[in-house]
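> One structure coming up, written as structure tokens, with questions to follow.
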Amino acid sequence: MKKVIFFRLILVMLFLGSKIAYSTNYICSSKTNSTSYLYKTIRHKSFPLFKKNNSFLDNIHPVILATGNQIYCPHTSMNIVTDISITDPDDISTDAIYIQISTGYNELHDVLTLTGLHATINSTWDLATGRLTLTSSTPDIPVTYIDFIKAIKDVVYTNSSNKPTGNRTFSISTDKLSYLPSNKHFYEFVPSVGIAPNLGIDWGVASDLANARTYNGLKGYLVTILSADENQIATTQQSGIGWIGGSDIGEEGVWKWMTGPEKGITFFYNLESTPAPGIFASNPHGIGSTTNYVNWNRSSPNWYLGIPYYEPNDIYNLYREDEDYAIIIDNNGKGTRGSWNDINYYGESFEGSQQANGFIVEYGGMPGDPEIQIATSTSITIPQITSTTESATCGSGSLSLKASSNLGTINWFENETGGTPLATGTTFTTPIISKSTTYYIDTEYGFCEKYSTRTPVTATIYNIPVITTTNSRFTLCGPGSITLDAKTTEGTIYWYSEPTGSNLIAVGTSITRDIAVNTTFYVEAVNKKCTTGTRVPVEVVVYKLPIIPDEKLVICKSNKLTIDAKIAEIGMTYLWSTGEKTQSIEIFETGIYTVDITRPAPESCTVTKTITVIENPEPIIKSITVDETTITINLKNPALYYEYSIDGTKYQSSNVFLNSSSGLQTALVREINGCSSVTENFIVVIAPKIFTPNGDNYNDFWEIKGLINYPNAEVTIFDRYGKFITRLNATNPTWDGTVNGEILPATDYWYVFKMDENTPEKRGHFSLKR
């Protein structure tokens, strides 16, 4: 930083040193002849000192005055002055005269030209600055004021546009600096080349150098721009990317003028934000606010996350190197020429698009500035239409069109060219028309023989829209979603829930709504300001659908099954998935069958019934468990659609039977619809687990109940070692716990029961207790 400050001081001192040699007042006295020489600032080589009475006097500024505020007729050429005078007490000639279009300049159409014969003068037109320079035709020989006055009177202005707009001001000066007549200030662009060769220039150096400059006694400063005219003369009609006097260094986003008479005045306000971590900017997604003139670059946005943001973005990085100073943008593809950008103090933007290569100095308006008249001005006013007011109506009718102009009489024509005026004045009432009609106007001013291209003004007839709905009554089979549509000959359809009022619910040719009950909507077509008037109702009728449950039926193998829609009303139609159209049909195999049941018009609603037909598998007995009198039939494929029996008569859904009789039994299992069945025999042996042969007449004998009912049955008893004890049958059904009169001990005994030759034997055991 110290090196930067030192470098700045060197640049300023070098610049001021050259300036002192050129413009500082000082007095020298000669000791030999007592003649005093007074040297005052010599600002222009065109103002040489002259000697009078052996003394060198100050060079007095010339006074230049012109008249010629005129009316310019389009398609003509016009002298820029009607008269001009140049008064200079100490000179009769000068090197050059500079004539510039200082306000309203349009480089596409405007041109200044020297006409007539002027042997001593050459003219050069500079399109970029809008300046005509008159110089001597003989190098190093000044031209007399008399010759320059004659030449200035022969300078003409021409505009090539068929419809020129705006007004023009011409500045005439004995110096090449740009002059703005409205504030009587002068402007120049000072390039950094020569001050810091091959380098840019920072804002501080530029401000110091601008403050050090003077112009004919006027103090210089970095330009402060307060109007569009000033921006054009100070920037667009200059060249280069130059510093101006604006900055928000004091408070982020608060832009103030830092130089000149406006120093300290806020001219623009932007909020600070953080678009990304470590990056700060002044309101990058907004345009800021001001009541003053500003010309920030808005033509070439930067982007963050797909969102554009414009200057001044005042971006600064993690090192807090920010963009706090304003420059003027040259026309380099990064923005509009003459617009403003913010860059950092050292003259670089973080986008890399701009670098300050000079600065713009403004002279005038500072306290103590003298009044000088080295420049004058004239102006022209171009008769033109300044505003038009068109009119529109619905259907047909007579309309009132309006226009205004800055000068002259407004003529209304039926055609773009030719013809005679239909009317004159600021207001024109059309005849009754039924379609849109364009009229044309121009302004006629006194002596102007040619008029500019006529301006169109249209009387618009909007057609009254007509609604052409595809259906004003929609039906819905049961609650649900429905799309309603309405069409119009032109314009836009608006949907309402009421026939009047502002309860708008949708816009467009169709809407989709969930509807549960009968509902009426209302539509209106609007073409611009024209409407259909009365809203058209669109009715939605919701028909109640019958509740038809789906079914699941079972078919038996090799059998047929009748399936039925089970709803019958007059006019009802049926359509089965088999193609049949009767209420019921016969089927022979499993599958999924559907039937579309449609009520007659106007309902015409269809419901679909689905009937699933299946075949249950045959039952398979896995085992039969006999626990005394409790029987359990176990299946390999148990299911709810099986029923059970052990007597062949009574069936039950449970596979468990209680209190079963002893002996040979048959288990039966069938599919509930009778499609299939299975049987299996089993034996029920009711044998006591213990007996007590103690002579108390209670449980003194062991026997298998019901044995006497099976004449071929036989029971063999063994002790626990397998020794045969006794054999029981129908004729000898009981055992008293003895063998040949011998009482056997209390212990466990085993038995084998065999019903007959063909029946498997059944084994068990019991206990003898005494």
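Chains: A, B, ... in order of the structure tokens. Residues: from 1 per chain. Ligands: from 1, in order shown.
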Determine, counting only C-alpha atoms, which protein, DNA and RNA residues have an atom within 7 Å of an atom of stretch 595-599 of chain A; residues of the same chain fewer than 4 positions away are not included. Present the result as a PDB file with all heavy atoms, in the first residue's frame.


```
ATOM      1  N   ALA A 565     -75.824 -61.066 -13.049  1.00  0.00           N
ATOM      2  CA  ALA A 565     -75.495 -59.665 -12.758  1.00  0.00           C
ATOM      3  C   ALA A 565     -76.219 -59.175 -11.514  1.00  0.00           C
ATOM      4  O   ALA A 565     -75.792 -58.225 -10.858  1.00  0.00           O
ATOM      5  CB  ALA A 565     -75.846 -58.777 -13.945  1.00  0.00           C
ATOM      6  N   GLY A 571     -84.946 -51.426 -19.316  1.00  0.00           N
ATOM      7  CA  GLY A 571     -84.023 -50.726 -20.192  1.00  0.00           C
ATOM      8  C   GLY A 571     -82.565 -50.984 -19.905  1.00  0.00           C
ATOM      9  O   GLY A 571     -81.697 -50.483 -20.622  1.00  0.00           O
ATOM     10  N   MET A 572     -82.287 -51.764 -18.860  1.00  0.00           N
ATOM     11  CA  MET A 572     -80.897 -52.054 -18.512  1.00  0.00           C
ATOM     12  C   MET A 572     -80.289 -52.966 -19.570  1.00  0.00           C
ATOM     13  O   MET A 572     -80.950 -53.872 -20.091  1.00  0.00           O
ATOM     14  CB  MET A 572     -80.835 -52.728 -17.152  1.00  0.00           C
ATOM     15  CG  MET A 572     -79.461 -52.813 -16.548  1.00  0.00           C
ATOM     16  SD  MET A 572     -79.026 -51.274 -15.729  1.00  0.00           S
ATOM     17  CE  MET A 572     -79.996 -51.417 -14.226  1.00  0.00           C
ATOM     18  N   THR A 573     -79.041 -52.725 -19.915  1.00  0.00           N
ATOM     19  CA  THR A 573     -78.329 -53.594 -20.851  1.00  0.00           C
ATOM     20  C   THR A 573     -77.118 -54.188 -20.163  1.00  0.00           C
ATOM     21  O   THR A 573     -76.588 -53.625 -19.207  1.00  0.00           O
ATOM     22  CB  THR A 573     -77.887 -52.820 -22.108  1.00  0.00           C
ATOM     23  OG1 THR A 573     -77.008 -51.765 -21.719  1.00  0.00           O
ATOM     24  CG2 THR A 573     -79.076 -52.232 -22.850  1.00  0.00           C
ATOM     25  N   TYR A 574     -76.714 -55.369 -20.705  1.00  0.00           N
ATOM     26  CA  TYR A 574     -75.613 -56.112 -20.111  1.00  0.00           C
ATOM     27  C   TYR A 574     -74.621 -56.486 -21.206  1.00  0.00           C
ATOM     28  O   TYR A 574     -75.002 -56.787 -22.341  1.00  0.00           O
ATOM     29  CB  TYR A 574     -76.113 -57.386 -19.418  1.00  0.00           C
ATOM     30  CG  TYR A 574     -77.251 -57.153 -18.457  1.00  0.00           C
ATOM     31  CD1 TYR A 574     -78.573 -57.214 -18.898  1.00  0.00           C
ATOM     32  CD2 TYR A 574     -77.013 -56.873 -17.118  1.00  0.00           C
ATOM     33  CE1 TYR A 574     -79.626 -56.999 -18.034  1.00  0.00           C
ATOM     34  CE2 TYR A 574     -78.061 -56.661 -16.242  1.00  0.00           C
ATOM     35  CZ  TYR A 574     -79.368 -56.721 -16.707  1.00  0.00           C
ATOM     36  OH  TYR A 574     -80.405 -56.499 -15.850  1.00  0.00           O
ATOM     37  N   LEU A 575     -73.375 -56.493 -20.832  1.00  0.00           N
ATOM     38  CA  LEU A 575     -72.349 -56.966 -21.747  1.00  0.00           C
ATOM     39  C   LEU A 575     -71.293 -57.695 -20.934  1.00  0.00           C
ATOM     40  O   LEU A 575     -70.549 -57.088 -20.156  1.00  0.00           O
ATOM     41  CB  LEU A 575     -71.711 -55.810 -22.519  1.00  0.00           C
ATOM     42  CG  LEU A 575     -70.596 -56.213 -23.495  1.00  0.00           C
ATOM     43  CD1 LEU A 575     -71.126 -57.177 -24.563  1.00  0.00           C
ATOM     44  CD2 LEU A 575     -69.966 -54.989 -24.131  1.00  0.00           C
ATOM     45  N   TRP A 576     -71.290 -59.045 -21.128  1.00  0.00           N
ATOM     46  CA  TRP A 576     -70.337 -59.881 -20.387  1.00  0.00           C
ATOM     47  C   TRP A 576     -69.005 -59.929 -21.120  1.00  0.00           C
ATOM     48  O   TRP A 576     -68.911 -59.669 -22.321  1.00  0.00           O
ATOM     49  CB  TRP A 576     -70.883 -61.304 -20.236  1.00  0.00           C
ATOM     50  CG  TRP A 576     -72.054 -61.396 -19.302  1.00  0.00           C
ATOM     51  CD1 TRP A 576     -73.368 -61.223 -19.623  1.00  0.00           C
ATOM     52  CD2 TRP A 576     -71.998 -61.675 -17.910  1.00  0.00           C
ATOM     53  NE1 TRP A 576     -74.169 -61.378 -18.515  1.00  0.00           N
ATOM     54  CE2 TRP A 576     -73.344 -61.662 -17.431  1.00  0.00           C
ATOM     55  CE3 TRP A 576     -70.969 -61.937 -17.002  1.00  0.00           C
ATOM     56  CZ2 TRP A 576     -73.668 -61.894 -16.115  1.00  0.00           C
ATOM     57  CZ3 TRP A 576     -71.299 -62.187 -15.682  1.00  0.00           C
ATOM     58  CH2 TRP A 576     -72.639 -62.152 -15.238  1.00  0.00           C
ATOM     59  N   SER A 577     -67.973 -60.269 -20.375  1.00  0.00           N
ATOM     60  CA  SER A 577     -66.655 -60.410 -20.978  1.00  0.00           C
ATOM     61  C   SER A 577     -66.624 -61.565 -21.967  1.00  0.00           C
ATOM     62  O   SER A 577     -65.708 -61.652 -22.789  1.00  0.00           O
ATOM     63  CB  SER A 577     -65.594 -60.608 -19.889  1.00  0.00           C
ATOM     64  OG  SER A 577     -65.941 -61.693 -19.035  1.00  0.00           O
ATOM     65  N   GLU A 603     -79.305 -41.278 -18.528  1.00  0.00           N
ATOM     66  CA  GLU A 603     -78.182 -41.579 -17.636  1.00  0.00           C
ATOM     67  C   GLU A 603     -77.024 -42.184 -18.397  1.00  0.00           C
ATOM     68  O   GLU A 603     -75.920 -41.649 -18.411  1.00  0.00           O
ATOM     69  CB  GLU A 603     -78.645 -42.539 -16.542  1.00  0.00           C
ATOM     70  CG  GLU A 603     -78.474 -41.993 -15.149  1.00  0.00           C
ATOM     71  CD  GLU A 603     -78.972 -42.970 -14.109  1.00  0.00           C
ATOM     72  OE1 GLU A 603     -80.152 -42.917 -13.750  1.00  0.00           O
ATOM     73  OE2 GLU A 603     -78.141 -43.770 -13.664  1.00  0.00           O
ATOM     74  N   SER A 604     -77.334 -43.344 -19.017  1.00  0.00           N
ATOM     75  CA  SER A 604     -76.328 -44.065 -19.802  1.00  0.00           C
ATOM     76  C   SER A 604     -75.062 -44.346 -18.992  1.00  0.00           C
ATOM     77  O   SER A 604     -73.957 -44.366 -19.537  1.00  0.00           O
ATOM     78  CB  SER A 604     -75.967 -43.286 -21.071  1.00  0.00           C
ATOM     79  OG  SER A 604     -77.115 -43.075 -21.851  1.00  0.00           O
ATOM     80  N   CYS A 605     -75.233 -44.530 -17.698  1.00  0.00           N
ATOM     81  CA  CYS A 605     -74.077 -44.807 -16.837  1.00  0.00           C
ATOM     82  C   CYS A 605     -73.835 -46.303 -16.781  1.00  0.00           C
ATOM     83  O   CYS A 605     -74.772 -47.115 -16.727  1.00  0.00           O
ATOM     84  CB  CYS A 605     -74.319 -44.276 -15.428  1.00  0.00           C
ATOM     85  SG  CYS A 605     -74.275 -42.488 -15.317  1.00  0.00           S
ATOM     86  N   THR A 606     -72.603 -46.673 -16.777  1.00  0.00           N
ATOM     87  CA  THR A 606     -72.213 -48.069 -16.775  1.00  0.00           C
ATOM     88  C   THR A 606     -71.416 -48.381 -15.520  1.00  0.00           C
ATOM     89  O   THR A 606     -70.517 -47.621 -15.141  1.00  0.00           O
ATOM     90  CB  THR A 606     -71.363 -48.398 -18.016  1.00  0.00           C
ATOM     91  OG1 THR A 606     -72.137 -48.155 -19.192  1.00  0.00           O
ATOM     92  CG2 THR A 606     -70.910 -49.852 -17.999  1.00  0.00           C
ATOM     93  N   VAL A 607     -71.804 -49.487 -14.868  1.00  0.00           N
ATOM     94  CA  VAL A 607     -71.009 -50.008 -13.770  1.00  0.00           C
ATOM     95  C   VAL A 607     -70.551 -51.406 -14.153  1.00  0.00           C
ATOM     96  O   VAL A 607     -71.206 -52.092 -14.938  1.00  0.00           O
ATOM     97  CB  VAL A 607     -71.798 -50.044 -12.442  1.00  0.00           C
ATOM     98  CG1 VAL A 607     -72.105 -48.646 -11.963  1.00  0.00           C
ATOM     99  CG2 VAL A 607     -73.068 -50.862 -12.580  1.00  0.00           C
ATOM    100  N   THR A 608     -69.458 -51.824 -13.604  1.00  0.00           N
ATOM    101  CA  THR A 608     -68.887 -53.120 -13.950  1.00  0.00           C
ATOM    102  C   THR A 608     -68.857 -54.011 -12.718  1.00  0.00           C
ATOM    103  O   THR A 608     -68.402 -53.595 -11.648  1.00  0.00           O
ATOM    104  CB  THR A 608     -67.468 -52.956 -14.507  1.00  0.00           C
ATOM    105  OG1 THR A 608     -67.510 -52.138 -15.675  1.00  0.00           O
ATOM    106  CG2 THR A 608     -66.868 -54.300 -14.877  1.00  0.00           C
ATOM    107  N   LYS A 609     -69.379 -55.206 -12.909  1.00  0.00           N
ATOM    108  CA  LYS A 609     -69.376 -56.210 -11.838  1.00  0.00           C
ATOM    109  C   LYS A 609     -68.376 -57.290 -12.227  1.00  0.00           C
ATOM    110  O   LYS A 609     -68.334 -57.729 -13.376  1.00  0.00           O
ATOM    111  CB  LYS A 609     -70.760 -56.810 -11.663  1.00  0.00           C
ATOM    112  CG  LYS A 609     -70.864 -57.901 -10.592  1.00  0.00           C
ATOM    113  CD  LYS A 609     -72.263 -58.475 -10.547  1.00  0.00           C
ATOM    114  CE  LYS A 609     -72.395 -59.589  -9.513  1.00  0.00           C
ATOM    115  NZ  LYS A 609     -72.337 -59.078  -8.147  1.00  0.00           N
ATOM    116  N   THR A 610     -67.575 -57.720 -11.253  1.00  0.00           N
ATOM    117  CA  THR A 610     -66.583 -58.767 -11.490  1.00  0.00           C
ATOM    118  C   THR A 610     -66.947 -59.996 -10.679  1.00  0.00           C
ATOM    119  O   THR A 610     -67.197 -59.901  -9.477  1.00  0.00           O
ATOM    120  CB  THR A 610     -65.178 -58.276 -11.100  1.00  0.00           C
ATOM    121  OG1 THR A 610     -64.833 -57.137 -11.891  1.00  0.00           O
ATOM    122  CG2 THR A 610     -64.133 -59.364 -11.338  1.00  0.00           C
TER     123      THR A 610
END
```

> Could you tell me which of A:Gly695, A:Gly204, A:Gly419, A:Pro537 comes closest to A:Gly245 if we count only C-alpha atoms?

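Of the candidates, the smallest distance to A:Gly245 is held by A:Gly204.
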
> Please measure the separation of atom CA of A:Ile360 and atom CA of A:Glu188, giving the value in Å to one decimal.

5.7 Å

> Write out as a ChimeraX atom specification all residues of stretch 532-618 of chain A that DSSP puts in strand (DSSP E) for this structure's backbone.

/A:536-543,551-554,561-564,573-576,584-587,591-598,606-614

> Keeping N, CA and C atoms, export the residues of the selection given above as a CSV table (one decimal), in the first residue's frame.


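Contents of again_4.csv, as written:
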```
chain,number,residue,atom,x,y,z
A,536,VAL,N,-73.0,-17.7,-19.4
A,536,VAL,CA,-73.7,-18.9,-19.8
A,536,VAL,C,-73.5,-20.0,-18.8
A,537,PRO,N,-74.6,-20.6,-18.4
A,537,PRO,CA,-74.5,-21.7,-17.4
A,537,PRO,C,-74.0,-23.0,-18.0
A,538,VAL,N,-73.1,-23.7,-17.3
A,538,VAL,CA,-72.7,-25.0,-17.7
A,538,VAL,C,-73.0,-26.0,-16.5
A,539,GLU,N,-73.9,-26.9,-16.8
A,539,GLU,CA,-74.5,-27.7,-15.7
A,539,GLU,C,-73.8,-29.1,-15.7
A,540,VAL,N,-73.5,-29.5,-14.5
A,540,VAL,CA,-72.9,-30.9,-14.3
A,540,VAL,C,-73.9,-31.7,-13.5
A,541,VAL,N,-74.5,-32.7,-14.1
A,541,VAL,CA,-75.4,-33.6,-13.4
A,541,VAL,C,-74.7,-34.9,-12.9
A,542,VAL,N,-74.8,-35.2,-11.6
A,542,VAL,CA,-74.1,-36.4,-11.1
A,542,VAL,C,-75.2,-37.4,-10.8
A,543,TYR,N,-75.1,-38.5,-11.6
A,543,TYR,CA,-76.1,-39.6,-11.4
A,543,TYR,C,-75.6,-40.6,-10.3
A,551,GLU,N,-68.4,-60.6,-6.8
A,551,GLU,CA,-68.6,-61.9,-6.2
A,551,GLU,C,-67.5,-62.8,-6.5
A,552,LYS,N,-67.4,-63.9,-5.6
A,552,LYS,CA,-66.5,-64.9,-5.8
A,552,LYS,C,-67.3,-66.2,-5.6
A,553,LEU,N,-67.3,-67.0,-6.7
A,553,LEU,CA,-68.1,-68.2,-6.7
A,553,LEU,C,-67.2,-69.4,-7.0
A,554,VAL,N,-67.8,-70.6,-6.6
A,554,VAL,CA,-67.0,-71.9,-6.8
A,554,VAL,C,-67.8,-72.8,-7.8
A,561,LEU,N,-72.1,-73.7,-14.1
A,561,LEU,CA,-72.4,-72.8,-13.1
A,561,LEU,C,-73.1,-71.6,-13.7
A,562,THR,N,-74.2,-71.1,-13.1
A,562,THR,CA,-74.9,-69.9,-13.6
A,562,THR,C,-74.5,-68.7,-12.8
A,563,ILE,N,-74.0,-67.7,-13.5
A,563,ILE,CA,-73.6,-66.5,-12.8
A,563,ILE,C,-74.5,-65.4,-13.3
A,564,ASP,N,-74.8,-64.4,-12.3
A,564,ASP,CA,-75.9,-63.5,-12.6
A,564,ASP,C,-75.4,-62.1,-12.2
A,573,THR,N,-79.0,-52.7,-19.9
A,573,THR,CA,-78.3,-53.6,-20.9
A,573,THR,C,-77.1,-54.2,-20.2
A,574,TYR,N,-76.7,-55.4,-20.7
A,574,TYR,CA,-75.6,-56.1,-20.1
A,574,TYR,C,-74.6,-56.5,-21.2
A,575,LEU,N,-73.4,-56.5,-20.8
A,575,LEU,CA,-72.3,-57.0,-21.7
A,575,LEU,C,-71.3,-57.7,-20.9
A,576,TRP,N,-71.3,-59.0,-21.1
A,576,TRP,CA,-70.3,-59.9,-20.4
A,576,TRP,C,-69.0,-59.9,-21.1
A,584,SER,N,-77.9,-63.2,-17.0
A,584,SER,CA,-77.1,-64.3,-16.4
A,584,SER,C,-76.6,-65.1,-17.5
A,585,ILE,N,-75.5,-65.8,-17.2
A,585,ILE,CA,-75.0,-66.7,-18.2
A,585,ILE,C,-74.5,-68.0,-17.5
A,586,GLU,N,-74.3,-69.1,-18.3
A,586,GLU,CA,-73.8,-70.3,-17.8
A,586,GLU,C,-72.3,-70.5,-18.2
A,587,ILE,N,-71.5,-70.9,-17.2
A,587,ILE,CA,-70.1,-71.1,-17.5
A,587,ILE,C,-69.7,-72.5,-17.1
A,591,GLY,N,-62.4,-68.9,-13.8
A,591,GLY,CA,-61.9,-67.7,-14.5
A,591,GLY,C,-62.5,-66.4,-13.9
A,592,ILE,N,-62.1,-65.3,-14.4
A,592,ILE,CA,-62.6,-64.0,-14.0
A,592,ILE,C,-63.6,-63.5,-15.0
A,593,TYR,N,-64.8,-63.3,-14.7
A,593,TYR,CA,-65.9,-62.8,-15.6
A,593,TYR,C,-66.3,-61.4,-15.2
A,594,THR,N,-66.5,-60.6,-16.2
A,594,THR,CA,-67.0,-59.2,-15.9
A,594,THR,C,-68.3,-59.0,-16.7
A,595,VAL,N,-69.1,-58.1,-16.2
A,595,VAL,CA,-70.3,-57.7,-16.9
A,595,VAL,C,-70.5,-56.2,-16.7
A,596,ASP,N,-70.6,-55.5,-17.9
A,596,ASP,CA,-70.9,-54.0,-17.9
A,596,ASP,C,-72.4,-53.9,-17.9
A,597,ILE,N,-72.9,-53.2,-16.8
A,597,ILE,CA,-74.3,-53.0,-16.6
A,597,ILE,C,-74.6,-51.5,-16.9
A,598,THR,N,-75.4,-51.2,-17.9
A,598,THR,CA,-75.6,-49.9,-18.4
A,598,THR,C,-77.1,-49.5,-18.2
A,606,THR,N,-72.6,-46.7,-16.8
A,606,THR,CA,-72.2,-48.1,-16.8
A,606,THR,C,-71.4,-48.4,-15.5
A,607,VAL,N,-71.8,-49.5,-14.9
A,607,VAL,CA,-71.0,-50.0,-13.8
A,607,VAL,C,-70.6,-51.4,-14.2
A,608,THR,N,-69.5,-51.8,-13.6
A,608,THR,CA,-68.9,-53.1,-13.9
A,608,THR,C,-68.9,-54.0,-12.7
A,609,LYS,N,-69.4,-55.2,-12.9
A,609,LYS,CA,-69.4,-56.2,-11.8
A,609,LYS,C,-68.4,-57.3,-12.2
A,610,THR,N,-67.6,-57.7,-11.3
A,610,THR,CA,-66.6,-58.8,-11.5
A,610,THR,C,-66.9,-60.0,-10.7
A,611,ILE,N,-67.0,-61.1,-11.4
A,611,ILE,CA,-67.3,-62.4,-10.7
A,611,ILE,C,-66.1,-63.3,-10.9
A,612,THR,N,-65.5,-63.7,-9.8
A,612,THR,CA,-64.3,-64.6,-9.9
A,612,THR,C,-64.8,-66.0,-9.6
A,613,VAL,N,-64.6,-66.9,-10.5
A,613,VAL,CA,-65.0,-68.3,-10.4
A,613,VAL,C,-63.8,-69.2,-10.1
A,614,ILE,N,-63.9,-69.9,-9.0
A,614,ILE,CA,-62.7,-70.8,-8.7
A,614,ILE,C,-63.2,-72.2,-8.5
```

> Do you know which residues are at most 7 Å from A:Glu311 counting only C-alpha atoms, after dropping those on the same chain fewer than 2 positions away, and could you put them as a compact mmCIF listing (two decimals) with N, CA, C and O atoms, in the first residue's frame?


```txt
# COMPACT_ATOMS: atom_id res chain seq x y z
N TRP A 296 -26.83 3.19 -15.13
CA TRP A 296 -26.10 1.95 -14.91
C TRP A 296 -26.30 0.99 -16.08
O TRP A 296 -27.35 0.97 -16.71
N ASN A 297 -25.29 0.18 -16.33
CA ASN A 297 -25.36 -0.78 -17.43
C ASN A 297 -26.40 -1.85 -17.11
O ASN A 297 -26.25 -2.63 -16.19
N ARG A 298 -27.47 -1.88 -17.91
CA ARG A 298 -28.52 -2.89 -17.74
C ARG A 298 -28.61 -3.82 -18.95
O ARG A 298 -29.46 -4.70 -18.99
N ASN A 313 -23.27 -4.21 -9.33
CA ASN A 313 -23.35 -5.41 -8.49
C ASN A 313 -22.40 -5.33 -7.29
O ASN A 313 -22.54 -6.09 -6.35
N ASN A 341 -20.59 1.51 -14.91
CA ASN A 341 -20.27 0.26 -14.24
C ASN A 341 -19.52 0.58 -12.95
O ASN A 341 -18.98 1.68 -12.80
N ASP A 342 -19.52 -0.36 -12.02
CA ASP A 342 -18.72 -0.18 -10.81
C ASP A 342 -17.56 -1.17 -10.84
O ASP A 342 -17.73 -2.34 -11.15
```

> Here is a test: counting only C-alpha atoms, which residue of A:Arg168, A:Lys754, A:Lys150, A:Lys705 is nearest to A:Thr629?

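For A:Thr629, the nearest of the given residues is A:Lys705.
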
> I'd like the neighbourhood of stretch 405-415 of chain A as a ChimeraX atom specification, where a residue qualifies if any of its atoms comes within 7 Å (using only C-alpha atoms), though same-chain residues fewer than 3 positions away should be ignored.

/A:383-387,418-426,439-445

> Which residues are near A:Ser339? Cut-off 12 Å, only C-alpha atoms, ignore same chain within fewer than 4 positions. Put them as number ranges by chain.

A: 225, 228, 231-232, 234-236, 241-244, 293-300, 310-312, 326-332, 334-335

> May I have the residues within 7 Å of A:Thr290 as a PyMOL selection string, using only C-alpha atoms and disregarding those fewer than 6 positions away in the same chain?

chain A and resi 267-269
